[in-house]
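The structure appears right after this line, and notes come after that.
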Amino acid sequence: MNDSLILHHYDGSPYAEKIRLMFGLTDAKWSSVLCPVQPPRPSLDPLTGGYRRIPVAQIGADMFCDTALIAQELATRLNYPALDPAQVDPDAAALMAQAQGKAFFAAIGAVPTRRLFGTMLRMFGPIGTVRFVKDRISLLKGSTVRAPQGDKAKAVLNALLDDLETRLETHEWVGGDAVSVADFACFHPLWLYVSCNRRPLEAGQKVEAWYQRVSEIGHGERAEITKDKAFAIAKEAEPRPVPESVSDAPAAIGAKVEVTPSDYGKVPVSGTLAAFTDDRIVVARDTREFGLLHVHFPRAGYALTAA
C-alpha cells in the first residue's frame, strides 16, 4: 500500500505554511498537490466530500482535516511528539490560542487597505481579486468569527507581539528550549500579515530574531505530484483501521452523519460514522471513483449531526 504523505494546499495559505514548517523541522519527505485558492477544488473535493478548508493531508485512503489534527498525525507518524498540540505547556498553549484566534483574524485587517488590495492585485489580478473577496465573504457567512479592522486589528496583533516578546525573553522558543508546534501556531498569522503587508515584521528584538529563525526552518523535501497520482493512491489503498469509539457517541457507528466546522467555512461533509473517539471524528465515504475513504476531523471545533 502506498502510504506516502501528501499535502493538498496552495502556497499562499498560512495554515498550510504551519504544516510545511513541520515538514521542515523533521526533514520529512512529502508530496505536494497544489489546489486553487478558492473552491471549486477538483483535485481535493472528490476526496473529502467538499470540505471547505485548506490544507488537507492524505495518507492512502485517509484524509485528515484541520491543522490541529494534521499536527497530531505528524507527531505520531514522524515520531516527533513536540508537534502534538496536546504536549504544549499551558503558557505556550495560551499563546497558541491567542495567535490562532483573535490575532489570526486581525492579521489581514491590520494591513493598510491600499497595500492589501495591491497585494491581492499582484497575486490574483483584477478579476481574481473580485472573486477572492467574494469567496472570503462567503467563507465567513454565518460564522462566529468577528474579524477586527484598522486600529482595532493593529491593537490585537500588537498584543500578540508584546506577549511573544515577554515569553521569548525567558525562552528560546515559544514552547520552551526547543522548536514545537507552538512556534508554528504563533508564526503563521504573522507570516500572513507580513505576506499581505509586503514589509518586514516590525516587533521587539526577541520576536524579530525568533521570526527569522522560524522562517529559516524550511519545508523539508517537497515533491510535486498531480491530482491523478493522488487519486490513484487513494483508489489503490484501503483506509487504516479506526480507533475504538467512546461509549457515549452522539450517533451509532454506521449511521449517516454530517460533520461541519463550528466557527466558519460551514460546509458539511456527509458519510457514515466510522469512529467517534475522545478527540476525533472519522467519517466513511463510499465513493464510486475511489471506493471507501475515511475523512478525519478533530472533535474540537466541529459539530456532528444526523444526516
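Labels for the C-alpha cells follow display order: chains A, B, ..., residues from 1 in each chain, ligands from 1.
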Quick one: residues within 10 Å of stretch 172-176 of chain A, only C-alpha atoms, excluding same-chain residues fewer than 5 positions away - as a tab-separated table (two decimals) with all heavy atoms, in the first residue's frame?
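After the write, selection08.tsv holds the following:
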```tsv
chain	number	residue	atom	x	y	z
A	82	ALA	N	6.83	16.78	19.93
A	82	ALA	CA	6.71	18.23	20.09
A	82	ALA	C	5.74	18.85	19.09
A	82	ALA	O	5.33	20.01	19.25
A	82	ALA	CB	8.08	18.90	19.95
A	87	GLN	N	0.85	18.30	23.81
A	87	GLN	CA	2.08	18.23	24.60
A	87	GLN	C	2.60	19.61	25.01
A	87	GLN	O	3.62	19.71	25.69
A	87	GLN	CB	3.17	17.51	23.78
A	87	GLN	CG	2.81	16.11	23.35
A	87	GLN	CD	2.51	15.20	24.53
A	87	GLN	OE1	3.23	15.19	25.52
A	87	GLN	NE2	1.43	14.43	24.42
A	88	VAL	N	1.92	20.68	24.61
A	88	VAL	CA	2.39	22.03	24.87
A	88	VAL	C	2.03	22.45	26.29
A	88	VAL	O	0.95	22.12	26.79
A	88	VAL	CB	1.76	23.01	23.86
A	88	VAL	CG1	2.12	24.45	24.17
A	88	VAL	CG2	2.22	22.66	22.45
A	89	ASP	N	2.94	23.18	26.97
A	89	ASP	CA	2.65	23.62	28.34
A	89	ASP	C	1.57	24.71	28.32
A	89	ASP	O	1.30	25.33	27.29
A	89	ASP	CB	3.92	24.09	29.05
A	89	ASP	CG	4.45	25.43	28.54
A	89	ASP	OD1	3.68	26.41	28.50
A	89	ASP	OD2	5.64	25.51	28.19
A	90	PRO	N	0.93	24.95	29.47
A	90	PRO	CA	-0.22	25.87	29.49
A	90	PRO	C	0.08	27.28	29.00
A	90	PRO	O	-0.76	27.89	28.32
A	90	PRO	CB	-0.64	25.86	30.97
A	90	PRO	CG	-0.18	24.53	31.48
A	90	PRO	CD	1.10	24.24	30.76
A	91	ASP	N	1.24	27.82	29.34
A	91	ASP	CA	1.56	29.18	28.90
A	91	ASP	C	1.71	29.26	27.39
A	91	ASP	O	1.21	30.19	26.75
A	91	ASP	CB	2.85	29.66	29.58
A	91	ASP	CG	2.66	29.94	31.06
A	91	ASP	OD1	1.51	30.15	31.48
A	91	ASP	OD2	3.66	29.94	31.79
A	92	ALA	N	2.39	28.27	26.81
A	92	ALA	CA	2.53	28.23	25.36
A	92	ALA	C	1.19	27.96	24.69
A	92	ALA	O	0.89	28.52	23.62
A	92	ALA	CB	3.56	27.17	24.95
A	93	ALA	N	0.37	27.13	25.30
A	93	ALA	CA	-0.96	26.83	24.75
A	93	ALA	C	-1.82	28.10	24.71
A	93	ALA	O	-2.59	28.30	23.77
A	93	ALA	CB	-1.65	25.75	25.56
A	95	LEU	N	-0.70	31.16	24.33
A	95	LEU	CA	-0.21	31.95	23.20
A	95	LEU	C	-0.69	31.38	21.88
A	95	LEU	O	-1.04	32.12	20.96
A	95	LEU	CB	1.32	32.02	23.23
A	95	LEU	CG	1.92	33.01	24.22
A	95	LEU	CD1	3.43	32.81	24.32
A	95	LEU	CD2	1.61	34.45	23.81
A	96	MET	N	-0.72	30.06	21.77
A	96	MET	CA	-1.24	29.42	20.56
A	96	MET	C	-2.70	29.83	20.33
A	96	MET	O	-3.09	30.17	19.22
A	96	MET	CB	-1.14	27.90	20.67
A	96	MET	CG	0.26	27.34	20.55
A	96	MET	SD	0.28	25.53	20.79
A	96	MET	CE	-0.73	24.97	19.41
A	164	LEU	N	4.43	37.68	22.95
A	164	LEU	CA	5.52	36.84	22.45
A	164	LEU	C	6.88	37.37	22.90
A	164	LEU	O	7.77	36.59	23.28
A	164	LEU	CB	5.48	36.77	20.92
A	164	LEU	CG	4.41	35.87	20.30
A	164	LEU	CD1	4.39	36.04	18.78
A	164	LEU	CD2	4.67	34.40	20.65
A	165	GLU	N	7.05	38.67	22.88
A	165	GLU	CA	8.31	39.27	23.32
A	165	GLU	C	8.59	38.90	24.78
A	165	GLU	O	9.71	38.54	25.15
A	165	GLU	CB	8.27	40.78	23.15
A	165	GLU	CG	9.58	41.49	23.43
A	165	GLU	CD	10.63	41.31	22.35
A	165	GLU	OE1	10.27	40.86	21.23
A	165	GLU	OE2	11.81	41.61	22.61
A	167	ARG	N	7.42	36.29	26.43
A	167	ARG	CA	7.71	34.86	26.50
A	167	ARG	C	9.14	34.57	26.05
A	167	ARG	O	9.86	33.77	26.67
A	167	ARG	CB	6.72	34.10	25.63
A	167	ARG	CG	6.96	32.60	25.49
A	167	ARG	CD	6.60	31.84	26.72
A	167	ARG	NE	6.67	30.40	26.51
A	167	ARG	CZ	6.43	29.49	27.46
A	167	ARG	NH1	6.12	29.88	28.68
A	167	ARG	NH2	6.52	28.21	27.21
A	181	VAL	N	5.23	22.75	18.00
A	181	VAL	CA	4.04	23.20	17.28
A	181	VAL	C	3.63	24.60	17.73
A	181	VAL	O	3.04	25.37	16.96
A	181	VAL	CB	2.88	22.20	17.50
A	181	VAL	CG1	2.47	22.13	18.97
A	181	VAL	CG2	1.68	22.54	16.62
A	182	ALA	N	3.99	24.99	18.97
A	182	ALA	CA	3.63	26.32	19.46
A	182	ALA	C	4.27	27.42	18.63
A	182	ALA	O	3.66	28.47	18.40
A	182	ALA	CB	4.05	26.45	20.92
A	183	ASP	N	5.49	27.19	18.16
A	183	ASP	CA	6.17	28.19	17.33
A	183	ASP	C	5.45	28.38	16.01
A	183	ASP	O	5.24	29.51	15.55
A	183	ASP	CB	7.62	27.76	17.08
A	183	ASP	CG	8.44	27.78	18.36
A	183	ASP	OD1	8.84	28.88	18.79
A	183	ASP	OD2	8.65	26.71	18.93
A	184	PHE	N	5.03	27.29	15.40
A	184	PHE	CA	4.38	27.39	14.09
A	184	PHE	C	2.98	27.98	14.22
A	184	PHE	O	2.54	28.73	13.33
A	184	PHE	CB	4.34	26.02	13.44
A	184	PHE	CG	5.70	25.38	13.33
A	184	PHE	CD1	5.89	24.04	13.64
A	184	PHE	CD2	6.81	26.13	12.96
A	184	PHE	CE1	7.14	23.47	13.55
A	184	PHE	CE2	8.07	25.55	12.88
A	184	PHE	CZ	8.23	24.21	13.18
A	185	ALA	N	2.29	27.67	15.31
A	185	ALA	CA	0.96	28.24	15.53
A	185	ALA	C	1.04	29.74	15.73
A	185	ALA	O	0.17	30.48	15.26
A	185	ALA	CB	0.31	27.57	16.74
A	186	CYS	N	2.07	30.21	16.43
A	186	CYS	CA	2.22	31.66	16.64
A	186	CYS	C	2.82	32.36	15.43
A	186	CYS	O	2.60	33.56	15.24
A	186	CYS	CB	3.10	31.90	17.87
A	186	CYS	SG	2.33	31.39	19.43
A	187	PHE	N	3.56	31.62	14.64
A	187	PHE	CA	4.23	32.20	13.47
A	187	PHE	C	3.27	32.48	12.33
A	187	PHE	O	3.36	33.50	11.64
A	187	PHE	CB	5.33	31.25	13.00
A	187	PHE	CG	6.04	31.66	11.74
A	187	PHE	CD1	7.14	32.51	11.79
A	187	PHE	CD2	5.64	31.18	10.50
A	187	PHE	CE1	7.82	32.88	10.63
A	187	PHE	CE2	6.30	31.54	9.34
A	187	PHE	CZ	7.40	32.39	9.41
A	206	LYS	N	13.46	40.31	20.37
A	206	LYS	CA	13.34	38.87	20.55
A	206	LYS	C	12.41	38.26	19.51
A	206	LYS	O	12.69	37.21	18.94
A	206	LYS	CB	12.84	38.55	21.96
A	206	LYS	CG	13.78	38.96	23.08
A	206	LYS	CD	15.04	38.11	23.09
A	206	LYS	CE	15.90	38.45	24.30
A	206	LYS	NZ	17.15	37.65	24.32
A	207	VAL	N	11.29	38.93	19.27
A	207	VAL	CA	10.32	38.41	18.30
A	207	VAL	C	10.90	38.44	16.90
A	207	VAL	O	10.75	37.48	16.13
A	207	VAL	CB	9.00	39.21	18.38
A	207	VAL	CG1	8.08	38.83	17.22
A	207	VAL	CG2	8.29	38.94	19.70
A	210	TRP	N	13.33	35.61	16.59
A	210	TRP	CA	12.59	34.34	16.55
A	210	TRP	C	11.90	34.14	15.21
A	210	TRP	O	11.94	33.04	14.62
A	210	TRP	CB	11.58	34.32	17.69
A	210	TRP	CG	10.49	33.30	17.56
A	210	TRP	CD1	10.56	31.98	17.89
A	210	TRP	CD2	9.16	33.51	17.05
A	210	TRP	NE1	9.36	31.37	17.63
A	210	TRP	CE2	8.49	32.28	17.12
A	210	TRP	CE3	8.49	34.64	16.57
A	210	TRP	CZ2	7.17	32.15	16.70
A	210	TRP	CZ3	7.18	34.49	16.16
A	210	TRP	CH2	6.53	33.27	16.23
A	213	ARG	N	14.35	32.97	12.70
A	213	ARG	CA	14.76	31.58	12.91
A	213	ARG	C	13.71	30.60	12.40
A	213	ARG	O	14.03	29.60	11.77
A	213	ARG	CB	15.04	31.32	14.40
A	213	ARG	CG	16.23	32.07	14.96
A	213	ARG	CD	16.74	31.42	16.25
A	213	ARG	NE	15.71	31.22	17.25
A	213	ARG	CZ	15.34	32.11	18.15
A	213	ARG	NH1	15.90	33.32	18.16
A	213	ARG	NH2	14.40	31.83	19.05
A	214	VAL	N	12.44	30.91	12.68
A	214	VAL	CA	11.37	30.03	12.21
A	214	VAL	C	11.33	30.04	10.67
A	214	VAL	O	11.17	28.99	10.03
A	214	VAL	CB	10.02	30.44	12.80
A	214	VAL	CG1	8.89	29.57	12.21
A	214	VAL	CG2	10.02	30.31	14.31
```
Do a neighbour search on stretch 62-75 of chain A at 10 Å with only C-alpha atoms, toss out local chain neighbours closer than 4 positions, and write the hits as a VMD selection string.
chain A and resid 3 5 to 8 15 to 16 18 to 19 22 to 23 26 28 44 47 to 48 51 to 58 79 to 87 181 185 234 237 to 240 261 279 to 280 282 to 284 292 to 302
DSSP helix (DSSP H, G or I) residues within stretch 206-251 of chain A, listed as a PyMOL selection string:
chain A and resi 206-215+227-236
Just-selected residues, C-alpha atoms written as a JSON list (two decimals), in the first residue's frame:
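See out-v2.json below for the written result:
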```json
[["chain", "number", "residue", "atom", "x", "y", "z"],
["A", 206, "LYS", "CA", 13.34, 38.87, 20.55],
["A", 207, "VAL", "CA", 10.32, 38.41, 18.30],
["A", 208, "GLU", "CA", 12.12, 39.59, 15.18],
["A", 209, "ALA", "CA", 15.01, 37.19, 15.83],
["A", 210, "TRP", "CA", 12.59, 34.34, 16.55],
["A", 211, "TYR", "CA", 10.56, 35.09, 13.42],
["A", 212, "GLN", "CA", 13.72, 34.89, 11.32],
["A", 213, "ARG", "CA", 14.76, 31.58, 12.91],
["A", 214, "VAL", "CA", 11.37, 30.03, 12.21],
["A", 215, "SER", "CA", 11.46, 31.34, 8.62],
["A", 227, "LYS", "CA", -4.09, 15.10, -8.75],
["A", 228, "ASP", "CA", -4.28, 11.94, -10.84],
["A", 229, "LYS", "CA", -1.41, 10.47, -8.85],
["A", 230, "ALA", "CA", -3.09, 11.38, -5.55],
["A", 231, "PHE", "CA", -6.35, 9.93, -6.84],
["A", 232, "ALA", "CA", -4.62, 6.69, -7.87],
["A", 233, "ILE", "CA", -3.07, 6.37, -4.41],
["A", 234, "ALA", "CA", -6.48, 6.80, -2.78],
["A", 235, "LYS", "CA", -8.07, 4.26, -5.12],
["A", 236, "GLU", "CA", -5.39, 1.63, -4.57]]
```
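For the pair atom CA of A:Asp135 and atom CA of A:Ala153, the separation is 21.2 Å.
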Skip stretch 249-253 of chain A itself and residues of its chain fewer than 3 positions away, then list as an NGL selection string all residues within 7 Å of it, counting only C-alpha atoms.
:A and (246 or 273-276)
Selection file, N, CA, C and O atoms, as a compact mmCIF listing (two decimals), in the first residue's frame:
```
# COMPACT_ATOMS: atom_id res chain seq x y z
N VAL A 246 -15.83 5.95 21.73
CA VAL A 246 -16.33 6.09 23.09
C VAL A 246 -17.74 5.52 23.17
O VAL A 246 -18.45 5.39 22.16
N LEU A 273 -20.78 7.29 10.05
CA LEU A 273 -19.85 7.43 11.18
C LEU A 273 -19.03 6.16 11.33
O LEU A 273 -19.58 5.07 11.59
N ALA A 274 -17.73 6.29 11.19
CA ALA A 274 -16.82 5.15 11.33
C ALA A 274 -16.21 5.08 12.71
O ALA A 274 -15.90 3.99 13.20
N ALA A 275 -15.99 6.24 13.35
CA ALA A 275 -15.42 6.26 14.70
C ALA A 275 -15.70 7.61 15.34
O ALA A 275 -15.75 8.64 14.65
N PHE A 276 -15.87 7.58 16.67
CA PHE A 276 -16.05 8.80 17.45
C PHE A 276 -15.28 8.59 18.75
O PHE A 276 -15.74 7.88 19.64
```
Residues at most 12 Å from A:Asp151, counting only C-alpha atoms, excluding those fewer than 2 positions away in the same chain, as a compact mmCIF listing (two decimals) with N, CA and C atoms, in the first residue's frame?
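Printed below is selection05.txt as written:
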```
# COMPACT_ATOMS: atom_id res chain seq x y z
N ALA A 106 -7.09 39.16 12.89
CA ALA A 106 -6.68 40.55 12.83
C ALA A 106 -5.55 40.78 11.84
N ALA A 107 -4.89 39.71 11.40
CA ALA A 107 -3.68 39.85 10.59
C ALA A 107 -3.94 40.60 9.29
N ILE A 108 -5.03 40.30 8.62
CA ILE A 108 -5.33 40.98 7.36
C ILE A 108 -5.89 42.37 7.63
N GLY A 109 -6.75 42.49 8.64
CA GLY A 109 -7.33 43.79 8.96
C GLY A 109 -6.32 44.82 9.40
N ALA A 110 -5.16 44.36 9.89
CA ALA A 110 -4.11 45.28 10.34
C ALA A 110 -3.29 45.84 9.18
N VAL A 111 -3.44 45.28 7.99
CA VAL A 111 -2.72 45.77 6.82
C VAL A 111 -3.45 46.99 6.25
N PRO A 112 -2.74 48.08 5.94
CA PRO A 112 -3.40 49.22 5.30
C PRO A 112 -4.18 48.79 4.06
N THR A 113 -5.37 49.32 3.90
CA THR A 113 -6.28 48.84 2.85
C THR A 113 -5.67 48.91 1.46
N PRO A 148 -11.52 41.90 13.33
CA PRO A 148 -11.35 43.34 13.56
C PRO A 148 -10.65 44.00 12.38
N GLN A 149 -10.85 45.29 12.26
CA GLN A 149 -10.28 46.06 11.16
C GLN A 149 -9.52 47.27 11.70
N ALA A 153 -7.64 46.02 14.77
CA ALA A 153 -6.85 44.88 14.32
C ALA A 153 -5.39 45.05 14.70
N LYS A 154 -4.86 46.24 14.52
CA LYS A 154 -3.46 46.51 14.89
C LYS A 154 -3.25 46.29 16.38
N ALA A 155 -4.21 46.71 17.20
CA ALA A 155 -4.09 46.53 18.64
C ALA A 155 -4.04 45.05 19.01
N VAL A 156 -4.89 44.24 18.36
CA VAL A 156 -4.91 42.80 18.62
C VAL A 156 -3.57 42.17 18.22
N LEU A 157 -3.08 42.54 17.04
CA LEU A 157 -1.82 41.97 16.57
C LEU A 157 -0.66 42.42 17.46
N ASN A 158 -0.66 43.68 17.86
CA ASN A 158 0.41 44.18 18.73
C ASN A 158 0.39 43.51 20.10
```
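Scanning stretch 49-186 of chain A with DSSP on the backbone, the strand (DSSP E or B) assignments fall on Val56, Ala57, Gln58, Ile59, Asp62, Met63, Phe64, Cys65, Trp173 and Gly176 of chain A.
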Put those residues in a file: C-alpha atoms, as a PDB file, in the first residue's frame.
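After the write, out_17.pdb holds the following:
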```
ATOM      1  CA  VAL A  56      -5.798  18.565   3.903  1.00  0.00           C
ATOM      2  CA  ALA A  57      -3.301  15.778   4.452  1.00  0.00           C
ATOM      3  CA  GLN A  58      -3.716  12.469   2.656  1.00  0.00           C
ATOM      4  CA  ILE A  59      -2.231   9.132   3.599  1.00  0.00           C
ATOM      5  CA  ASP A  62      -7.376   8.511   4.744  1.00  0.00           C
ATOM      6  CA  MET A  63      -7.898  12.301   4.612  1.00  0.00           C
ATOM      7  CA  PHE A  64      -7.009  14.460   7.609  1.00  0.00           C
ATOM      8  CA  CYS A  65      -8.738  17.817   8.020  1.00  0.00           C
ATOM      9  CA  TRP A 173      11.273  29.170  21.584  1.00  0.00           C
ATOM     10  CA  GLY A 176      10.481  26.261  25.709  1.00  0.00           C
TER      11      GLY A 176
END
```
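Reported to one decimal place, the separation of atom CA of A:His188 from atom CA of A:Pro14 is 5.4 Å.
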